[in-house]
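Pasting coords38.txt here (compact mmCIF, C-alpha atoms):
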# COMPACT_ATOMS: atom_id res chain seq x y z
CA MET A 1 -15.78 -20.38 -15.00
CA THR A 2 -17.11 -22.76 -17.55
CA SER A 3 -20.80 -21.98 -17.69
CA HIS A 4 -22.31 -18.55 -17.69
CA ASP A 5 -25.55 -16.74 -18.23
CA PRO A 6 -24.99 -13.96 -20.80
CA ALA A 7 -27.48 -11.78 -18.91
CA THR A 8 -25.16 -11.68 -15.90
CA MET A 9 -21.99 -11.02 -17.91
CA LEU A 10 -20.52 -7.61 -18.73
CA ALA A 11 -18.13 -6.57 -21.50
CA ILE A 12 -14.85 -5.10 -20.28
CA GLY A 13 -15.86 -1.47 -20.99
CA ASP A 14 -19.17 -1.80 -19.18
CA PHE A 15 -17.56 -3.67 -16.32
CA ALA A 16 -14.76 -1.10 -15.94
CA ALA A 17 -17.28 1.77 -15.96
CA ARG A 18 -19.39 0.07 -13.27
CA ALA A 19 -16.28 -0.71 -11.21
CA GLY A 20 -14.92 2.83 -11.52
CA VAL A 21 -11.58 1.78 -13.03
CA THR A 22 -10.02 1.85 -16.47
CA THR A 23 -10.10 -1.08 -18.86
CA SER A 24 -6.30 -1.23 -18.67
CA ALA A 25 -6.61 -1.65 -14.88
CA MET A 26 -9.06 -4.50 -15.47
CA ARG A 27 -6.61 -6.24 -17.79
CA TYR A 28 -3.80 -5.68 -15.28
CA TYR A 29 -5.86 -7.05 -12.38
CA GLU A 30 -6.69 -10.05 -14.52
CA SER A 31 -3.01 -10.60 -15.43
CA LEU A 32 -2.27 -10.70 -11.68
CA ASP A 33 -5.12 -13.17 -11.18
CA LEU A 34 -6.98 -10.75 -8.92
CA ILE A 35 -10.13 -11.01 -11.06
CA ARG A 36 -11.36 -13.49 -13.62
CA SER A 37 -13.14 -13.21 -16.93
CA MET A 38 -14.46 -15.55 -19.53
CA ARG A 39 -13.91 -15.30 -23.25
CA THR A 40 -16.59 -15.25 -25.90
CA GLY A 41 -16.31 -17.15 -29.17
CA GLY A 42 -14.82 -13.93 -30.60
CA ASN A 43 -12.22 -13.87 -27.76
CA GLN A 44 -13.78 -10.86 -26.02
CA ARG A 45 -13.61 -10.64 -22.24
CA ARG A 46 -16.81 -11.00 -20.25
CA TYR A 47 -17.03 -10.51 -16.49
CA ARG A 48 -19.58 -11.85 -14.06
CA ARG A 49 -21.37 -9.05 -12.25
CA ALA A 50 -20.26 -10.61 -8.95
CA GLU A 51 -16.65 -9.75 -9.88
CA LEU A 52 -17.59 -6.11 -9.25
CA ARG A 53 -17.47 -6.90 -5.54
CA ARG A 54 -13.95 -8.23 -5.96
CA VAL A 55 -12.86 -4.99 -7.67
CA ALA A 56 -14.51 -2.95 -4.90
CA PHE A 57 -12.52 -5.05 -2.41
CA ILE A 58 -9.29 -4.36 -4.31
CA ARG A 59 -9.98 -0.63 -4.43
CA ALA A 60 -10.79 -0.49 -0.70
CA ALA A 61 -7.61 -2.40 0.15
CA ARG A 62 -5.51 -0.12 -2.08
CA SER A 63 -7.01 2.96 -0.42
CA ILE A 64 -5.58 1.90 2.94
CA GLY A 65 -2.16 1.22 1.46
CA LEU A 66 -2.10 -2.49 0.71
CA SER A 67 0.00 -3.50 -2.26
CA LEU A 68 -1.51 -5.57 -5.05
CA ASP A 69 0.69 -8.47 -3.90
CA GLU A 70 -0.81 -8.24 -0.41
CA ILE A 71 -4.31 -8.07 -1.86
CA LYS A 72 -3.66 -11.10 -4.04
CA GLU A 73 -2.33 -13.02 -1.04
CA THR A 74 -5.50 -12.12 0.86
CA LEU A 75 -7.84 -13.07 -1.98
CA ASP A 76 -5.95 -16.32 -2.61
CA ARG A 77 -6.78 -17.38 0.96
CA LEU A 78 -10.48 -17.45 0.10
CA PRO A 79 -11.78 -20.93 -0.79
CA ASP A 80 -12.07 -21.48 -4.55
CA LYS A 81 -11.08 -17.84 -5.14
CA ARG A 82 -14.64 -16.84 -4.35
CA ILE A 83 -15.92 -13.31 -4.04
CA PRO A 84 -15.32 -11.89 -0.52
CA ASP A 85 -18.46 -11.97 1.59
CA ARG A 86 -19.51 -9.97 4.66
CA ALA A 87 -17.71 -12.30 7.10
CA ASP A 88 -14.50 -12.08 5.03
CA TRP A 89 -14.77 -8.31 5.02
CA GLN A 90 -15.27 -8.10 8.78
CA ARG A 91 -12.28 -10.34 9.47
CA LEU A 92 -10.01 -8.55 7.01
CA SER A 93 -11.13 -5.07 7.97
CA ALA A 94 -10.16 -5.83 11.58
CA GLU A 95 -6.65 -6.76 10.36
CA TRP A 96 -6.51 -3.66 8.19
CA SER A 97 -7.76 -1.45 11.00
CA ARG A 98 -4.66 -2.37 13.00
CA ARG A 99 -2.55 -1.49 9.97
CA ILE A 100 -4.24 1.92 9.71
CA ASP A 101 -3.62 2.52 13.44
CA ASP A 102 0.08 1.75 12.89
CA ARG A 103 0.24 4.17 9.96
CA ILE A 104 -1.47 6.88 12.02
CA ALA A 105 1.02 6.40 14.86
CA HIS A 106 3.91 6.59 12.39
CA LEU A 107 2.54 9.78 10.83
CA ARG A 108 1.98 11.36 14.26
CA GLY A 109 5.60 10.61 15.16
CA LEU A 110 6.74 12.16 11.89
CA GLN A 111 4.57 15.20 12.58
CA GLU A 112 6.15 15.61 16.04
CA ASP A 113 9.63 15.38 14.51
CA LEU A 114 8.65 17.90 11.84
CA ASP A 115 7.29 20.29 14.46
CA GLY A 116 10.61 20.08 16.30
CA CYS A 117 12.45 20.66 13.06
CA ILE A 118 10.38 23.72 12.27
CA GLY A 119 11.02 25.06 15.78
CA CYS A 120 14.74 24.41 15.51
CA GLY A 121 15.07 25.74 11.98
CA CYS A 122 18.52 24.29 11.44
CA LEU A 123 17.67 21.19 9.40
CA SER A 124 21.00 19.80 10.58
CA ILE A 125 21.92 16.76 8.52
CA ASP A 126 24.02 15.18 11.28
CA LYS A 127 21.47 15.55 14.07
CA CYS A 128 18.09 15.79 12.31
CA THR A 129 15.60 13.18 13.52
CA ILE A 130 13.80 13.24 10.17
CA TYR A 131 16.62 13.06 7.63
CA ASN A 132 19.19 11.24 9.73
CA ARG A 133 17.02 9.22 12.09
CA GLU A 134 19.22 6.13 12.39
CA ASP A 135 22.69 7.46 11.62
CA ALA A 136 24.92 5.61 14.08
CA LEU A 137 27.99 7.53 12.88
CA ALA A 138 26.55 10.93 13.81
CA GLU A 139 28.07 10.52 17.27
CA GLU A 140 31.53 10.51 15.67
CA GLY A 141 31.06 13.92 14.12
CA ALA A 142 29.84 15.51 10.93
CA GLY A 143 31.06 14.53 7.47
CA PRO A 144 32.67 11.30 6.30
CA VAL A 145 34.12 9.27 9.16
CA ARG A 146 34.73 5.85 7.57
CA GLY A 147 37.79 5.40 5.43
CA PHE A 148 38.77 9.05 5.85
CA LYS A 149 42.09 9.87 7.38
CA PRO A 150 42.86 13.54 8.02
CA LEU A 151 46.22 14.81 6.76

Kindly present the structure from the file in structure tokens form.
Amino acid sequence: MTSHDPATMLAIGDFAARAGVTTSAMRYYESLDLIRSMRTGGNQRRYRRAELRRVAFIRAARSIGLSLDEIKETLDRLPDKRIPDRADWQRLSAEWSRRIDDRIAHLRGLQEDLDGCIGCGCLSIDKCTIYNREDALAEEGAGPVRGFKPL
């Protein structure tokens, strides 16, 4: 950003309030190159109003569980690091919708396991499908089975 109209620029406090995040979050997002600001002659940050859409995008992506690294990767795919538009949102929301479906399926499976655990009541460490889901050694018995030689 080399040229700017001061009427369309916001100071960090005003920008953060409009975006619904803290000023420290704004600085952090900027350090990760998720958003951009300009500096005044007095070295104060100023944000274009259009960057608010970018912050809204970040917040929406975080709400469905995307990491900031994943969000950055997504935003970096946009030409010239532009603000996401409606077409970008539709394409990305379709990708994210599949991710949400996967999370729902995982949580339903966990809920079914938990229901079984509640019904069983034992919370058996060696057989529990929640706490010991992928324990290949459970078939060899409870307790330590590698490197243990009975007397």

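The smallest atom-to-atom distance between Arg82 (chain A) and any of A:Glu51, A:Gln44, A:Ile12, A:Ser37, using only C-alpha atoms, is found for A:Glu51.
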
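CA of Thr74 (chain A) is found 11.2 Å from CA of Trp96 (chain A).
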
Expressed in Å, the length from CA of Arg46 (chain A) to CA of Leu32 (chain A) is 16.9 Å

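The space separating CA of Leu92 (chain A) from CA of Arg108 (chain A) comes to 24.3 Å.
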
Residues within 12 Å of Arg36 (chain A), all atoms listed in the file, excluding chain neighbours under 6 positions, as a PDB file with C-alpha atoms, in the coordinates of the input:
ATOM      1  CA  MET A   1     -15.780 -20.380 -15.000  1.00  0.00           C
ATOM      2  CA  THR A   2     -17.110 -22.760 -17.550  1.00  0.00           C
ATOM      3  CA  MET A   9     -21.990 -11.020 -17.910  1.00  0.00           C
ATOM      4  CA  ILE A  12     -14.850  -5.100 -20.280  1.00  0.00           C
ATOM      5  CA  PHE A  15     -17.560  -3.670 -16.320  1.00  0.00           C
ATOM      6  CA  MET A  26      -9.060  -4.500 -15.470  1.00  0.00           C
ATOM      7  CA  ARG A  27      -6.610  -6.240 -17.790  1.00  0.00           C
ATOM      8  CA  TYR A  28      -3.800  -5.680 -15.280  1.00  0.00           C
ATOM      9  CA  TYR A  29      -5.860  -7.050 -12.380  1.00  0.00           C
ATOM     10  CA  GLU A  30      -6.690 -10.050 -14.520  1.00  0.00           C
ATOM     11  CA  ARG A  45     -13.610 -10.640 -22.240  1.00  0.00           C
ATOM     12  CA  ARG A  46     -16.810 -11.000 -20.250  1.00  0.00           C
ATOM     13  CA  TYR A  47     -17.030 -10.510 -16.490  1.00  0.00           C
ATOM     14  CA  ARG A  48     -19.580 -11.850 -14.060  1.00  0.00           C
ATOM     15  CA  ARG A  49     -21.370  -9.050 -12.250  1.00  0.00           C
ATOM     16  CA  ALA A  50     -20.260 -10.610  -8.950  1.00  0.00           C
ATOM     17  CA  GLU A  51     -16.650  -9.750  -9.880  1.00  0.00           C
ATOM     18  CA  LEU A  52     -17.590  -6.110  -9.250  1.00  0.00           C
ATOM     19  CA  ARG A  54     -13.950  -8.230  -5.960  1.00  0.00           C
ATOM     20  CA  VAL A  55     -12.860  -4.990  -7.670  1.00  0.00           C
ATOM     21  CA  LYS A  81     -11.080 -17.840  -5.140  1.00  0.00           C
ATOM     22  CA  ARG A  82     -14.640 -16.840  -4.350  1.00  0.00           C
ATOM     23  CA  ILE A  83     -15.920 -13.310  -4.040  1.00  0.00           C
TER      24      ILE A  83
END

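Each of A:Ile104, A:Val21, A:Leu110, A:Leu34 was checked against Leu78 (chain A) using all atoms listed in the file; the smallest atom-to-atom distance is that of A:Leu34.
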
Query raised in the report: Can you list, as a PyMOL selection string, every protein, DNA or RNA residue that comes within 12 Å of region 61-63 of chain A when you count all atoms listed in the file, leaving out same-chain residues fewer than 4 positions away?
Result: chain A and resi 54-57+67-75+89+92-93+95-97+99-100

Store the residues of this selection in a file with C-alpha atoms, as a compact mmCIF listing (two decimals), in the frame of the given file.
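result_4.txt, freshly written:
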# COMPACT_ATOMS: atom_id res chain seq x y z
CA ARG A 54 -13.95 -8.23 -5.96
CA VAL A 55 -12.86 -4.99 -7.67
CA ALA A 56 -14.51 -2.95 -4.90
CA PHE A 57 -12.52 -5.05 -2.41
CA SER A 67 0.00 -3.50 -2.26
CA LEU A 68 -1.51 -5.57 -5.05
CA ASP A 69 0.69 -8.47 -3.90
CA GLU A 70 -0.81 -8.24 -0.41
CA ILE A 71 -4.31 -8.07 -1.86
CA LYS A 72 -3.66 -11.10 -4.04
CA GLU A 73 -2.33 -13.02 -1.04
CA THR A 74 -5.50 -12.12 0.86
CA LEU A 75 -7.84 -13.07 -1.98
CA TRP A 89 -14.77 -8.31 5.02
CA LEU A 92 -10.01 -8.55 7.01
CA SER A 93 -11.13 -5.07 7.97
CA GLU A 95 -6.65 -6.76 10.36
CA TRP A 96 -6.51 -3.66 8.19
CA SER A 97 -7.76 -1.45 11.00
CA ARG A 99 -2.55 -1.49 9.97
CA ILE A 100 -4.24 1.92 9.71

Report the centre and edge lengths, in Å to one decimal, of an axis-aligned box enclosing every atom of region 44-56 of chain A listed in the file, padded by 3 Å on each side, as JSON.
{"center_x": -17.1, "center_y": -7.4, "center_z": -15.5, "size_x": 14.5, "size_y": 14.9, "size_z": 27.1}
